[in-house]
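Trainee: Compact mmCIF, C-alpha atoms, saved as coords03.txt, coming up:
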```txt
# COMPACT_ATOMS: atom_id res chain seq x y z
CA MET Q 859 0.00 0.00 0.00
CA SER Q 860 0.97 3.62 -0.40
CA ASN Q 861 1.08 6.21 2.35
CA VAL Q 862 -2.73 6.51 2.42
CA PRO Q 863 -4.12 6.65 5.98
CA THR Q 864 -5.52 3.28 7.08
CA THR Q 865 -8.18 4.94 9.20
CA LEU Q 866 -10.03 7.57 7.30
CA LEU Q 867 -13.09 9.41 8.47
CA TYR Q 868 -12.09 8.82 12.08
CA SER Q 869 -8.42 9.81 11.88
CA ILE Q 870 -6.53 13.02 12.52
CA GLY Q 871 -4.87 14.71 9.58
CA VAL Q 872 -7.26 13.48 6.88
CA PRO Q 873 -7.05 15.67 3.76
CA GLU Q 874 -9.99 18.02 3.45
CA THR Q 875 -11.24 17.83 -0.13
CA THR Q 876 -13.09 20.91 -1.26
CA ASN Q 877 -16.44 20.56 -3.00
CA GLU Q 878 -15.67 23.50 -5.25
CA THR Q 879 -14.36 22.92 -8.76
CA ASP Q 880 -13.14 25.16 -11.53
CA GLY Q 881 -16.00 25.39 -14.01
CA GLY Q 882 -13.60 24.54 -16.84
CA GLU Q 883 -11.98 21.51 -15.24
CA THR Q 884 -13.15 18.06 -16.22
CA ALA Q 885 -14.39 15.56 -13.67
CA GLU Q 886 -11.30 13.49 -14.45
CA ALA Q 887 -9.03 16.38 -13.48
CA VAL Q 888 -10.76 17.26 -10.22
CA VAL Q 889 -11.11 13.64 -9.06
CA THR Q 890 -7.54 12.74 -10.01
CA ARG Q 891 -6.18 15.75 -8.12
CA ALA Q 892 -8.36 15.10 -5.06
CA LEU Q 893 -7.35 11.43 -4.91
CA ALA Q 894 -3.68 12.40 -5.27
CA GLU Q 895 -4.01 14.33 -2.00
CA TRP Q 896 -4.69 10.95 -0.36
CA GLY Q 897 -1.77 9.33 -2.18
CA ILE Q 898 -4.17 7.45 -4.47
CA THR Q 899 -3.65 7.01 -8.21
CA ALA Q 900 -6.54 6.77 -10.69
CA HIS Q 901 -6.50 5.42 -14.26
CA ASP Q 902 -8.75 6.66 -17.06
CA ASP Q 903 -10.82 4.20 -19.08
CA GLU Q 904 -13.52 4.45 -21.73
CA GLU Q 905 -15.68 2.64 -24.25
CA SER Q 906 -16.96 3.78 -27.63
CA MET Q 907 -20.69 3.94 -28.21
CA ILE Q 908 -22.84 3.64 -31.31
CA GLY Q 909 -23.02 6.99 -33.06
CA GLY Q 910 -19.54 8.10 -32.09
CA ASP Q 911 -20.23 8.95 -28.44
CA ARG Q 912 -18.27 7.37 -25.64
CA ASN Q 913 -18.58 6.57 -21.97
CA SER Q 914 -15.62 7.37 -19.73
CA TRP Q 915 -14.72 6.71 -16.10
CA LEU Q 916 -11.80 6.44 -13.69
CA VAL Q 917 -10.52 3.17 -12.23
CA VAL Q 918 -8.72 3.03 -8.87
CA ALA Q 919 -6.83 -0.14 -8.02
CA HIS Q 920 -7.26 -1.49 -4.51
CA ASP Q 921 -3.56 -2.37 -4.54
CA GLN Q 922 -2.00 1.08 -4.66
CA GLY Q 923 1.45 -0.48 -4.43
CA ASN Q 924 1.08 -1.65 -8.03
CA PRO Q 925 1.11 1.25 -10.53
CA ALA Q 926 -0.35 -0.87 -13.35
CA PHE Q 927 -3.96 -0.74 -14.49
CA PRO Q 928 -5.82 -3.38 -12.44
CA SER Q 929 -6.89 -6.66 -14.04
CA MET Q 930 -10.55 -6.03 -13.27
CA LEU Q 931 -11.72 -9.52 -14.29
CA ASP Q 932 -8.61 -11.39 -13.23
CA GLY Q 933 -8.47 -11.02 -9.47
CA ASP Q 934 -7.61 -7.34 -8.89
CA PRO Q 935 -10.19 -5.51 -6.73
CA TYR Q 936 -10.92 -1.96 -7.83
CA VAL Q 937 -13.15 1.09 -7.51
CA VAL Q 938 -14.79 2.86 -10.48
CA VAL Q 939 -16.01 6.47 -10.36
CA PHE Q 940 -17.85 8.61 -12.90
CA LEU Q 941 -20.44 11.35 -13.29
CA TYR Q 942 -23.91 10.32 -14.37
CA SER Q 943 -26.47 12.61 -15.95
CA GLU Q 944 -29.97 11.16 -15.97
CA ASP Q 945 -31.20 13.80 -18.43
CA GLU Q 946 -28.61 12.80 -21.01
CA ASP Q 947 -28.13 9.18 -19.89
CA GLU Q 948 -24.43 9.99 -19.82
CA ILE Q 949 -21.52 8.28 -18.06
CA THR Q 950 -18.49 10.54 -18.20
CA VAL Q 951 -15.43 12.12 -16.62
CA ASP Q 952 -14.60 14.10 -19.77
CA ARG Q 953 -16.41 17.32 -18.87
CA ALA Q 954 -16.89 19.55 -15.86
CA PRO Q 955 -19.52 18.58 -13.26
CA ARG Q 956 -22.88 20.28 -13.76
CA PRO Q 957 -25.87 20.85 -11.48
CA GLY Q 958 -27.99 17.72 -11.53
CA ASP Q 959 -25.04 15.38 -12.13
CA VAL Q 960 -24.43 12.56 -9.67
CA TRP Q 961 -21.17 10.88 -8.66
CA HIS Q 962 -21.40 7.11 -8.99
CA VAL Q 963 -18.89 4.83 -7.29
CA ALA Q 964 -18.80 1.05 -7.78
CA VAL Q 965 -16.60 -1.44 -5.95
CA GLY Q 966 -15.47 -4.58 -7.77
CA ASP Q 967 -13.89 -7.71 -6.31
CA GLY Q 968 -11.89 -8.61 -9.43
CA THR Q 969 -14.12 -11.52 -10.48
CA GLY Q 970 -16.73 -9.54 -12.41
CA ARG Q 971 -18.93 -8.77 -9.41
CA GLU Q 972 -19.60 -5.15 -8.46
CA CYS Q 973 -21.53 -3.29 -5.77
CA THR Q 974 -22.60 0.33 -6.04
CA LEU Q 975 -22.08 2.77 -3.19
CA PRO Q 976 -24.80 5.34 -2.47
CA PRO Q 977 -24.67 8.03 -5.22
CA ARG Q 978 -23.75 11.58 -4.28
CA PRO Q 979 -24.70 14.90 -5.92
CA ALA Q 980 -21.98 16.55 -7.99
CA GLU Q 981 -21.43 19.22 -5.33
CA GLN Q 982 -20.44 16.54 -2.79
CA LEU Q 983 -17.05 15.81 -4.33
CA GLY Q 984 -15.34 15.70 -0.93
CA ALA Q 985 -17.66 13.00 0.39
CA CYS Q 986 -17.26 11.03 -2.85
CA ILE Q 987 -13.47 11.09 -2.51
CA GLU Q 988 -13.72 9.94 1.11
CA ASP Q 989 -15.93 7.04 -0.01
CA ILE Q 990 -13.30 5.97 -2.53
CA ALA Q 991 -10.40 6.37 -0.10
CA GLU Q 992 -12.23 4.40 2.57
CA TRP Q 993 -12.62 1.44 0.24
CA VAL Q 994 -9.12 1.61 -1.20
CA THR Q 995 -7.63 1.45 2.29
CA ALA Q 996 -10.03 -1.21 3.61
CA PRO Q 997 -8.67 -4.77 3.89
CA ARG Q 998 -9.27 -6.78 0.75
CA THR Q 999 -11.22 -9.33 2.76
CA SER Q 1000 -13.69 -6.62 3.81
CA LEU Q 1001 -14.26 -5.57 0.21
CA GLU Q 1002 -14.81 -9.15 -0.93
CA ALA Q 1003 -17.10 -9.86 2.02
CA LEU Q 1004 -19.52 -7.04 1.26
CA VAL Q 1005 -19.64 -8.01 -2.41
CA ASP Q 1006 -20.61 -11.50 -1.19
CA LEU Q 1007 -23.30 -9.94 1.02
CA GLN Q 1008 -24.78 -7.57 -1.56
CA ASP Q 1009 -27.95 -9.66 -1.89
CA LEU Q 1010 -28.84 -8.72 1.70
CA ARG Q 1011 -29.75 -5.21 0.59
CA GLY Q 1012 -33.48 -4.78 1.20
CA ARG Q 1013 -33.75 -8.03 3.17
CA PHE Q 1014 -35.67 -6.17 5.92
CA GLU Q 1015 -37.66 -3.92 3.58
CA ASP Q 1016 -40.95 -5.38 4.84
CA GLY Q 1017 -39.79 -5.79 8.43
CA TYR Q 1018 -38.01 -8.70 10.06
CA THR Q 1019 -38.60 -11.66 12.33
CA PRO Q 1020 -36.25 -13.39 14.79
CA GLU Q 1021 -35.67 -15.99 12.07
CA ASN Q 1022 -34.68 -13.26 9.58
CA ILE Q 1023 -32.33 -11.82 12.18
CA ARG Q 1024 -30.64 -15.17 12.80
CA SER Q 1025 -30.07 -15.97 9.14
CA THR Q 1026 -29.04 -12.46 8.06
CA PHE Q 1027 -26.80 -11.61 11.00
CA GLY Q 1028 -25.36 -15.13 10.82
CA ARG Q 1029 -24.25 -14.57 7.23
CA ILE Q 1030 -22.67 -11.24 8.15
CA GLN Q 1031 -20.71 -12.83 10.98
CA GLU Q 1032 -19.59 -15.74 8.79
CA ALA Q 1033 -18.32 -13.22 6.23
CA GLY Q 1034 -16.07 -11.63 8.84
CA GLY Q 1035 -18.40 -8.94 10.11
CA PRO Q 1036 -19.20 -8.14 13.73
CA LEU Q 1037 -21.53 -10.21 15.89
CA LEU Q 1038 -24.75 -8.26 15.39
CA VAL Q 1039 -27.67 -8.76 17.76
CA CYS Q 1040 -31.25 -7.56 17.87
CA VAL Q 1041 -32.53 -6.62 21.33
CA TRP Q 1042 -36.33 -6.95 21.60
CA ASP Q 1043 -38.63 -5.64 24.34
CA TYR Q 1044 -39.68 -9.12 25.43
CA ALA Q 1045 -39.89 -12.80 24.61
CA ASP Q 1046 -43.01 -14.85 25.40
CA GLU Q 1047 -44.43 -18.21 24.37
CA ASP Q 1048 -44.88 -16.87 20.82
CA GLY Q 1049 -41.27 -15.71 20.50
CA PHE Q 1050 -39.54 -12.34 20.52
CA GLY Q 1051 -41.62 -9.20 20.17
CA GLY Q 1052 -42.09 -5.50 20.81
CA ASN Q 1053 -39.73 -2.74 19.73
CA SER Q 1054 -36.21 -3.72 18.78
CA GLN Q 1055 -32.76 -2.24 18.25
CA PHE Q 1056 -29.58 -3.45 16.55
CA TYR Q 1057 -26.22 -3.58 18.34
CA SER Q 1058 -22.93 -5.42 18.03
CA GLU Q 1059 -21.68 -7.64 20.84
CA ASP Q 1060 -18.14 -8.58 21.83
CA GLU Q 1061 -16.87 -11.80 23.39
CA ASN Q 1062 -17.59 -10.42 26.88
CA GLY Q 1063 -21.22 -9.68 26.10
CA THR Q 1064 -20.70 -5.91 25.96
CA LEU Q 1065 -23.05 -4.16 23.54
CA PHE Q 1066 -21.95 -1.43 21.14
CA GLU Q 1067 -23.82 1.04 18.98
CA VAL Q 1068 -23.65 0.32 15.24
CA GLN Q 1069 -23.69 2.51 12.16
CA LEU Q 1070 -27.20 3.62 11.17
CA GLU Q 1071 -26.42 2.82 7.54
CA ILE Q 1072 -26.50 -0.93 8.33
CA HIS Q 1073 -30.24 -0.79 9.04
CA GLN Q 1074 -30.75 1.50 6.03
CA TRP Q 1075 -28.93 -0.98 3.78
CA LEU Q 1076 -30.86 -3.98 5.09
CA SER Q 1077 -34.08 -1.98 4.65
CA GLY Q 1078 -33.21 -1.19 1.02
CA LYS Q 1079 -32.93 2.56 1.62
CA ARG Q 1080 -29.29 2.89 0.59
CA GLY Q 1081 -26.53 1.07 -1.22
CA MET Q 1082 -23.65 -0.88 0.21
CA PRO Q 1083 -22.48 0.41 3.60
CA ALA Q 1084 -18.92 1.22 4.63
CA PRO Q 1085 -16.34 -1.55 5.21
CA LEU Q 1086 -17.13 -4.08 7.92
CA GLU Q 1087 -14.41 -2.72 10.20
CA THR Q 1088 -16.33 0.56 10.62
CA TRP Q 1089 -19.70 -0.91 11.62
CA THR Q 1090 -19.11 -1.02 15.37
CA CYS Q 1091 -19.20 2.29 17.24
CA ALA Q 1092 -18.89 3.21 20.92
CA PRO Q 1093 -20.24 1.07 23.79
CA ILE Q 1094 -23.86 1.82 24.59
CA ALA Q 1095 -24.34 4.55 27.20
CA GLU Q 1096 -26.50 2.46 29.54
CA PRO Q 1097 -25.96 -1.31 29.85
CA ILE Q 1098 -28.86 -3.50 28.77
CA GLU Q 1099 -29.69 -6.59 30.78
CA SER Q 1100 -30.64 -9.46 28.51
CA ALA Q 1101 -33.27 -11.56 30.26
CA ILE Q 1102 -33.33 -14.24 27.57
CA THR Q 1103 -31.57 -15.06 24.32
CA ASP Q 1104 -31.91 -17.63 21.56
CA GLY Q 1105 -28.17 -18.25 21.76
CA PHE Q 1106 -27.61 -16.63 18.38
CA HIS Q 1107 -28.55 -13.06 17.47
CA ASN Q 1108 -31.78 -12.33 19.37
CA HIS Q 1109 -32.02 -10.97 22.92
CA ALA Q 1110 -34.96 -9.71 24.98
CA ARG Q 1111 -35.09 -7.29 27.89
CA ALA Q 1112 -37.98 -9.15 29.54
CA ASP Q 1113 -38.62 -12.89 29.79
CA LEU Q 1114 -42.37 -13.55 29.66
CA THR Q 1115 -42.06 -17.19 28.70
CA GLY Q 1116 -42.84 -18.41 32.22
```
Take the structure I supplied and represent it as structure tokens, if you would.

Mentor:
Amino acid sequence: MSNVPTTLLYSIGVPETTNETDGGETAEAVVTRALAEWGITAHDDEESMIGGDRNSWLVVAHDQGNPAFPSMLDGDPYVVVFLYSEDEDEITVDRAPRPGDVWHVAVGDGTGRECTLPPRPAEQLGACIEDIAEWVTAPRTSLEALVDLQDLRGRFEDGYTPENIRSTFGRIQEAGGPLLVCVWDYADEDGFGGNSQFYSEDENGTLFEVQLEIHQWLSGKRGMPAPLETWTCAPIAEPIESAITDGFHNHARADLTG
């Protein structure tokens, strides 16, 4: 890896990328310069379209220690970024960003599978660059894991049951993610019920807050969340006593089974 920080949004000394661009600069120029401030190199790529038009984008190799263009279908993970204009159905980095454009970022695992990060308006260049840098500096295993888990997006769109929790959180844990748990109000003879909240749990049973975007992703309200290593936040402010558990991913504050 290059000298890119390994902790990004939470570290001291992170480059502050401005959202302002010179009206004459192309998207390729502003993104390439902004990524260079993180020590990240981008490669330009394109494809010709019928009628003489072309699509263009930038490719960022996950392995920043290798200056070569990544083998995107032969095992080299990567990130792709481009501007998209819905009005013109245009994928490009060849012109300056315009109002209404959206930054699109896709993460690929090098086997032909890609996941799309939440799109950002053109004026949010800084946040887009942070998204890219976060993925480039994430462990390769984390990138591959979330590509494996991409089908979980929207799994809880219509709500969830204890069975959904067990299967979904079990897959996340098997993929190398944190031990996620759902704490319900109670458990009775019919199972777990009432209001519920997601947390992560360590080997000592301590509960931690988790990123809100996990629930949004599982509910289908956003694209792929940040790398697995960032999901767990601070310990919860007030300890929760679990009266009963299924031994997997469901806990309840009150045991009404008796």

Trainee: So which residues are close to (-14.6, -1.8, -1.6), meaning at most 9 Å away in the file's coordinates with only C-alpha atoms counted, and can you show them as a PyMOL selection string?

Mentor: chain Q and resi 920+935-937+964-967+973+975+990+992-998+1000-1002+1004-1005+1084-1085

Trainee: May I ask which of the residues Q:Gly1051, Q:Gly1078, Q:Pro977, Q:Gly958 is the closest one to Leu1010 of chain Q, counting only C-alpha atoms?

Mentor: Q:Gly1078

Trainee: Show which residues sit within 12 Å of Arg953 of chain Q, as a list in words. Count all atoms listed in the file, and ignore same-chain residues fewer than 5 positions away.

Mentor: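 Using all atoms listed in the file, the neighbours found are Thr879, Asp880, Gly881, Gly882, Glu883, Thr884, Ala885, Glu886, Ala887, Val888, Val889, Asn913, Ser914, Trp915, Phe940, Leu941, Tyr942, Ser943, Glu948 and Asp959 of chain Q.
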
Trainee: May I have the residues within 8 Å of His901 of chain Q as a short mmCIF file (atom, residue, chain, number, x, y, z; two decimals) with C-alpha atoms, keeping the file's coordinate frame, using all atoms listed in the file and disregarding those fewer than 3 positions away in the same chain?

Mentor:
```cif
data_model
loop_
_atom_site.label_atom_id
_atom_site.label_comp_id
_atom_site.auth_asym_id
_atom_site.auth_seq_id
_atom_site.Cartn_x
_atom_site.Cartn_y
_atom_site.Cartn_z
CA LEU Q 916 -11.80 6.44 -13.69
CA VAL Q 917 -10.52 3.17 -12.23
CA VAL Q 918 -8.72 3.03 -8.87
CA PHE Q 927 -3.96 -0.74 -14.49
#
```

Trainee: Please provide as JSON, numbers by chain all residues within 9 Å of Phe1056 of chain Q, with the sequence filter that same-chain residues fewer than 5 positions apart are discarded (counting only C-alpha atoms).

Mentor: {"Q": [1038, 1039, 1040, 1041, 1067, 1068, 1073]}

Trainee: Just checking: using all atoms listed in the file, which residue out of Q:Arg891, Q:Arg1111, Q:Arg1011, Q:Arg978 ends up closest to Glu1071 of chain Q?

Mentor: Q:Arg1011

Trainee: Show which residues sit within 12 Å of Leu1070 of chain Q, as number ranges by chain. Count all atoms listed in the file, and ignore same-chain residues fewer than 6 positions away.

Mentor: Q: 1055-1057, 1076-1077, 1079-1080, 1083-1084, 1088-1091

Trainee: Pull the neighbourhood of (-22.9, 1.8, 24.8) for me: all residues within 10 Å in file coordinates, counting all atoms listed in the file, as an MDAnalysis selection string.

Mentor: chainID Q and resid 1057:1058 1064:1068 1091:1098

Trainee: Compile the contact shell of segment 1019-1026 of chain Q as a VMD selection string: residues with an atom at most 12 Å away, counting only C-alpha atoms, same-chain residues fewer than 2 positions apart removed.

Mentor: chain Q and resid 1007 to 1017 1028 to 1033 1035 1037 to 1042 1044 to 1045 1048 to 1057 1072 to 1073 1076 1103 to 1110

Trainee: What is the atom CA of Asp903 of chain Q to atom CA of Gly970 of chain Q distance in Å?

Mentor: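 Separation of atom CA of Asp903 of chain Q and atom CA of Gly970 of chain Q: 16.4 Å.
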
Trainee: Please return segment 952-970 of chain Q, rebuilt to N, CA and C atoms, as an mmCIF file, in the frame of the given file.

Mentor:
```cif
data_model
loop_
_atom_site.group_PDB
_atom_site.id
_atom_site.type_symbol
_atom_site.label_atom_id
_atom_site.label_comp_id
_atom_site.auth_asym_id
_atom_site.auth_seq_id
_atom_site.Cartn_x
_atom_site.Cartn_y
_atom_site.Cartn_z
ATOM 1 N N ASP Q 952 -15.260 13.282 -18.754
ATOM 2 C CA ASP Q 952 -14.600 14.100 -19.770
ATOM 3 C C ASP Q 952 -15.029 15.561 -19.762
ATOM 4 N N ARG Q 953 -15.970 15.923 -18.939
ATOM 5 C CA ARG Q 953 -16.410 17.320 -18.870
ATOM 6 C C ARG Q 953 -16.507 17.746 -17.416
ATOM 7 N N ALA Q 954 -16.766 19.026 -17.218
ATOM 8 C CA ALA Q 954 -16.890 19.550 -15.860
ATOM 9 C C ALA Q 954 -18.219 19.104 -15.244
ATOM 10 N N PRO Q 955 -18.248 18.894 -13.930
ATOM 11 C CA PRO Q 955 -19.520 18.580 -13.260
ATOM 12 C C PRO Q 955 -20.529 19.705 -13.449
ATOM 13 N N ARG Q 956 -21.800 19.314 -13.589
ATOM 14 C CA ARG Q 956 -22.880 20.280 -13.760
ATOM 15 C C ARG Q 956 -23.945 20.042 -12.699
ATOM 16 N N PRO Q 957 -24.743 21.065 -12.396
ATOM 17 C CA PRO Q 957 -25.870 20.850 -11.480
ATOM 18 C C PRO Q 957 -26.773 19.737 -12.009
ATOM 19 N N GLY Q 958 -27.157 18.848 -11.132
ATOM 20 C CA GLY Q 958 -27.990 17.720 -11.530
ATOM 21 C C GLY Q 958 -27.199 16.451 -11.780
ATOM 22 N N ASP Q 959 -25.873 16.571 -11.983
ATOM 23 C CA ASP Q 959 -25.040 15.380 -12.130
ATOM 24 C C ASP Q 959 -24.920 14.655 -10.790
ATOM 25 N N VAL Q 960 -24.601 13.377 -10.867
ATOM 26 C CA VAL Q 960 -24.430 12.560 -9.670
ATOM 27 C C VAL Q 960 -23.133 11.769 -9.793
ATOM 28 N N TRP Q 961 -22.355 11.735 -8.700
ATOM 29 C CA TRP Q 961 -21.170 10.880 -8.660
ATOM 30 C C TRP Q 961 -21.611 9.443 -8.382
ATOM 31 N N HIS Q 962 -21.146 8.528 -9.215
ATOM 32 C CA HIS Q 962 -21.400 7.110 -8.990
ATOM 33 C C HIS Q 962 -20.076 6.415 -8.700
ATOM 34 N N VAL Q 963 -20.072 5.591 -7.668
ATOM 35 C CA VAL Q 963 -18.890 4.830 -7.290
ATOM 36 C C VAL Q 963 -19.283 3.361 -7.166
ATOM 37 N N ALA Q 964 -18.557 2.494 -7.855
ATOM 38 C CA ALA Q 964 -18.800 1.050 -7.780
ATOM 39 C C ALA Q 964 -17.533 0.357 -7.310
ATOM 40 N N VAL Q 965 -17.705 -0.653 -6.484
ATOM 41 C CA VAL Q 965 -16.600 -1.440 -5.950
ATOM 42 C C VAL Q 965 -16.650 -2.821 -6.582
ATOM 43 N N GLY Q 966 -15.536 -3.265 -7.148
ATOM 44 C CA GLY Q 966 -15.470 -4.580 -7.770
ATOM 45 C C GLY Q 966 -14.471 -5.477 -7.067
ATOM 46 N N ASP Q 967 -14.771 -6.787 -7.023
ATOM 47 C CA ASP Q 967 -13.890 -7.710 -6.310
ATOM 48 C C ASP Q 967 -12.871 -8.390 -7.220
ATOM 49 N N GLY Q 968 -12.865 -8.033 -8.513
ATOM 50 C CA GLY Q 968 -11.890 -8.610 -9.430
ATOM 51 C C GLY Q 968 -12.345 -9.894 -10.089
ATOM 52 N N THR Q 969 -13.595 -10.302 -9.849
ATOM 53 C CA THR Q 969 -14.120 -11.520 -10.480
ATOM 54 C C THR Q 969 -15.321 -11.214 -11.369
ATOM 55 N N GLY Q 970 -15.586 -9.926 -11.603
ATOM 56 C CA GLY Q 970 -16.730 -9.540 -12.410
ATOM 57 C C GLY Q 970 -17.927 -9.098 -11.591
#
```
